[in-house]
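Read through the structure below, which is laid out as structure tokens, and then see the notes.
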Amino acid sequence: MSATLTQDLVAADISLSGVSRIYELGDEKIHALRDLTLDIRQGEFVAIKGPSGSGKSTLANVIGGLDTPNEGKIVVGGLDFSKANDKQLSRYRSKTIGFVFQSFNLQAHSTVLENVLLPLVIAGVDRKTRMARAKECLELMGLSDRADQATNKLSGGQRQRVSIARALANWPQIIIADEPTGNLDQANGQNVIEHLTKLNRELNITLILITHDADVANKAPRILEIVDGNVTDRTSA
């Protein structure tokens with residue numbers, strides 16, 4: 001385990017109480033989340049499983065600070081979202097959370113290293129430190145030999161591992177992976193899940209995995225099944 005990667009890690013327990021998220025489309029109200037209450041402890045690996053439109057991505061987005069609930073309370077690592085100002089929420093999104101997306105969201109014509117460096121540049125980290133951090137993240141993902149290669153020359157599995165390395169760059173306490181295997185074949189998908197699981201196990205990073213795939217969800221010790229904004233909490237077999 002890397003001492004560098006864990007030196008700033010503090011407990012970031014997640015608590016949602018009575019959270020509802022309603023979208024209005026014309027005269028129609030869509031209840032993406034319904035009076036949802038749950039707790040996720042620092043270091044847990046949790047899968048959020050459900051069909052398209054069930055509310056699983058909305059749940060991930062409110063935990064990640066990308067969306068605001070209409071009702072209820074969210075507290076992560078002592079930060080009460082309802083009382084936080086824009087600066088505090090922005091820092092939370094950039095420092096506490098690492099996001100991994102189905103579509104990778106990489107700069108296609110930039111190199112692997114440049115992609116991983118980007119959040120560190122935005123955060124104002126000095127050049128020596130950000131280079132060391134980016135290279136460490138790439139080493140963790142088995143991509144050190146690809147650092148100078150353009151990301152559009154990589155396979156889908158390699159690109160997803162670059163996105164995980166980028167998510168790690170600011171040493172988050174929580175990684176939210178939204179359908180990270182959705183664009184991958186079975187072998188590459190399995191490889192990505194193994195890398196994410198290793199980060200959870202060895203670095204104690206909370207892993208929240210969003211998926212519609214039961215086989216992927218069953219990799220997690222804890223599964224939240226969500227249908228029509230309601231959650232059932234169970235553990236995998």
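Identifiers for the structure tokens are assigned positionally: chains receive A, B, ... in sequence, residues are indexed from 1 per chain, and ligands are indexed from 1 in the order shown.
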
- request: Quick one: pick out all alpha helix (DSSP H) residues within range 27-237 of chain A from a backbone DSSP run and write them as a ChimeraX atom specification.
  value: /A:56-63,86-91,112-122,127-140,156-168,186-203,214-217

- request: Extract, using only C-alpha atoms, all DNA, RNA and protein residues at most 12 Å from Arg93 in chain A, discarding same-chain residues fewer than 5 positions from it, and format them as a PyMOL selection string.
  value: chain A and resi 61-67+76+79+81+86-88+98-99+119+123+167+170-176

- request: Considering only C-alpha atoms, state which residue in the set A:Asn85, A:Ser20, A:Thr96, A:Asn218 is at the smallest distance from Thr206 in chain A.
  value: A:Thr96

Applying 9 Å and only C-alpha atoms, which residues near Leu207 in chain A remain after dropping the ones on its own chain fewer than 6 positions away? List them as a PDB file with C-alpha atoms, in the first residue's frame.
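Final file, part-v2.pdb:
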```pdb
ATOM      1  CA  GLY A  43     -14.110   1.740   3.252  1.00  0.00           C
ATOM      2  CA  GLU A  44     -17.277  -0.116   2.212  1.00  0.00           C
ATOM      3  CA  PHE A  45     -17.763  -1.558  -1.278  1.00  0.00           C
ATOM      4  CA  VAL A  46     -21.391  -1.017  -2.229  1.00  0.00           C
ATOM      5  CA  ALA A  47     -23.139  -1.773  -5.512  1.00  0.00           C
ATOM      6  CA  GLN A 173     -11.928   8.991   0.082  1.00  0.00           C
ATOM      7  CA  ILE A 174     -14.788   7.835  -2.176  1.00  0.00           C
ATOM      8  CA  ILE A 175     -14.897   6.576  -5.757  1.00  0.00           C
ATOM      9  CA  ILE A 176     -18.229   6.583  -7.578  1.00  0.00           C
ATOM     10  CA  ALA A 177     -18.077   4.352 -10.653  1.00  0.00           C
ATOM     11  CA  LEU A 196     -11.480  -1.062  -8.404  1.00  0.00           C
ATOM     12  CA  THR A 197     -11.839  -3.821  -5.813  1.00  0.00           C
ATOM     13  CA  LEU A 199      -8.265   0.039  -4.460  1.00  0.00           C
ATOM     14  CA  ASN A 200     -11.133  -0.510  -2.046  1.00  0.00           C
TER      15      ASN A 200
END
```

task: Looking only at strand (DSSP E) from DSSP on the backbone, list the matching residues of range 43-211 of chain A as a list in words.
output: Phe45, Val46, Ala47, Ile48, Lys49, Glu71, Gly72, Lys73, Ile74, Val75, Val76, Leu79, Asp80, Ile97, Gly98, Phe99, Val100, Phe101, Ile174, Ile175, Ile176, Ala177, Asp178, Thr206, Leu207, Ile208, Leu209, Ile210 and Thr211 of chain A

message: List as a ChimeraX atom specification the protein and nucleic acid residues near Asp228 in chain A, meaning an atom at most 9 Å away when only C-alpha atoms are counted, but skip any in the same chain fewer than 2 places from it.
response: /A:31-34,53-55,226,230-231

Restrict the selected residues to N, CA and C atoms and save them as a CSV table (one decimal), in the first residue's frame.
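Below is the file again29.csv, written as the result:
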```csv
chain,number,residue,atom,x,y,z
A,31,HIS,N,-40.5,10.9,-9.6
A,31,HIS,CA,-39.9,10.7,-8.3
A,31,HIS,C,-38.6,9.8,-8.5
A,32,ALA,N,-37.5,10.4,-8.7
A,32,ALA,CA,-36.3,9.6,-8.9
A,32,ALA,C,-35.8,8.9,-7.6
A,33,LEU,N,-36.0,9.6,-6.5
A,33,LEU,CA,-35.7,9.0,-5.1
A,33,LEU,C,-36.9,9.4,-4.2
A,34,ARG,N,-37.2,8.4,-3.4
A,34,ARG,CA,-38.4,8.5,-2.5
A,34,ARG,C,-38.0,8.3,-1.1
A,53,GLY,N,-33.5,4.0,-15.5
A,53,GLY,CA,-34.6,4.9,-15.0
A,53,GLY,C,-35.0,4.6,-13.6
A,54,SER,N,-34.3,3.7,-12.9
A,54,SER,CA,-34.7,3.3,-11.5
A,54,SER,C,-34.4,4.3,-10.5
A,55,GLY,N,-33.4,5.2,-10.8
A,55,GLY,CA,-32.9,6.2,-9.8
A,55,GLY,C,-31.5,6.0,-9.3
A,226,ILE,N,-32.4,-0.8,-6.3
A,226,ILE,CA,-33.3,0.4,-6.4
A,226,ILE,C,-34.2,0.3,-7.5
A,230,ASN,N,-37.0,3.6,-4.7
A,230,ASN,CA,-37.0,3.0,-3.4
A,230,ASN,C,-35.9,2.0,-3.4
A,231,VAL,N,-35.3,1.9,-2.2
A,231,VAL,CA,-34.1,1.0,-2.1
A,231,VAL,C,-34.3,-0.1,-1.1
```

message: Please list as a VMD selection string every residue within 12 Å of Asp35 in chain A, counting only C-alpha atoms and excluding residues in the same chain fewer than 5 positions away.
response: chain A and resid 16 to 22 59 69 to 73 228 to 231

message: What's around Ser103 in chain A at 9 Å? Count only C-alpha atoms, leave out sequence neighbours fewer than 2 positions away in its own chain, and write the answer as a ChimeraX atom specification.
response: /A:100-101,105-106,160,179-180,182-183

With a distance cut-off of 7 Å and only C-alpha atoms, select the neighbouring residues of range 111-117 of chain A, excluding the residue or stretch itself and same-chain residues fewer than 5 positions from it, and output the selection as a PDB file with C-alpha atoms, in the first residue's frame.
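Below you can see out-v4.pdb, which holds the result:
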```
ATOM      1  CA  LEU A 106     -10.985  11.478 -21.353  1.00  0.00           C
ATOM      2  CA  ARG A 130       1.633  16.293  -9.469  1.00  0.00           C
ATOM      3  CA  ALA A 134       0.149  10.926 -11.606  1.00  0.00           C
ATOM      4  CA  ARG A 146       1.452   3.845 -21.661  1.00  0.00           C
ATOM      5  CA  ALA A 147       2.093   7.259 -20.089  1.00  0.00           C
ATOM      6  CA  ASP A 148       3.140   8.983 -23.326  1.00  0.00           C
ATOM      7  CA  GLN A 149       0.540   7.364 -25.558  1.00  0.00           C
ATOM      8  CA  ALA A 150      -2.572   9.213 -26.753  1.00  0.00           C
ATOM      9  CA  THR A 151      -5.677   7.835 -25.090  1.00  0.00           C
ATOM     10  CA  VAL A 162      -6.809   5.696 -17.262  1.00  0.00           C
ATOM     11  CA  ALA A 165      -6.098   6.665 -12.415  1.00  0.00           C
ATOM     12  CA  ARG A 166      -7.440  10.175 -13.050  1.00  0.00           C
ATOM     13  CA  ALA A 169      -5.252  11.800  -8.692  1.00  0.00           C
TER      14      ALA A 169
END
```

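Distances to Gln102 in chain A were evaluated for A:Leu184, A:Val227, A:His195, A:Arg234 using only C-alpha atoms, and the minimum falls at A:Leu184.
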
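The residue that comes closest to Ala214 in chain A, out of A:Leu38, A:Lys135, A:Asp13, A:Gly50 and on the basis of only C-alpha atoms, is A:Gly50.
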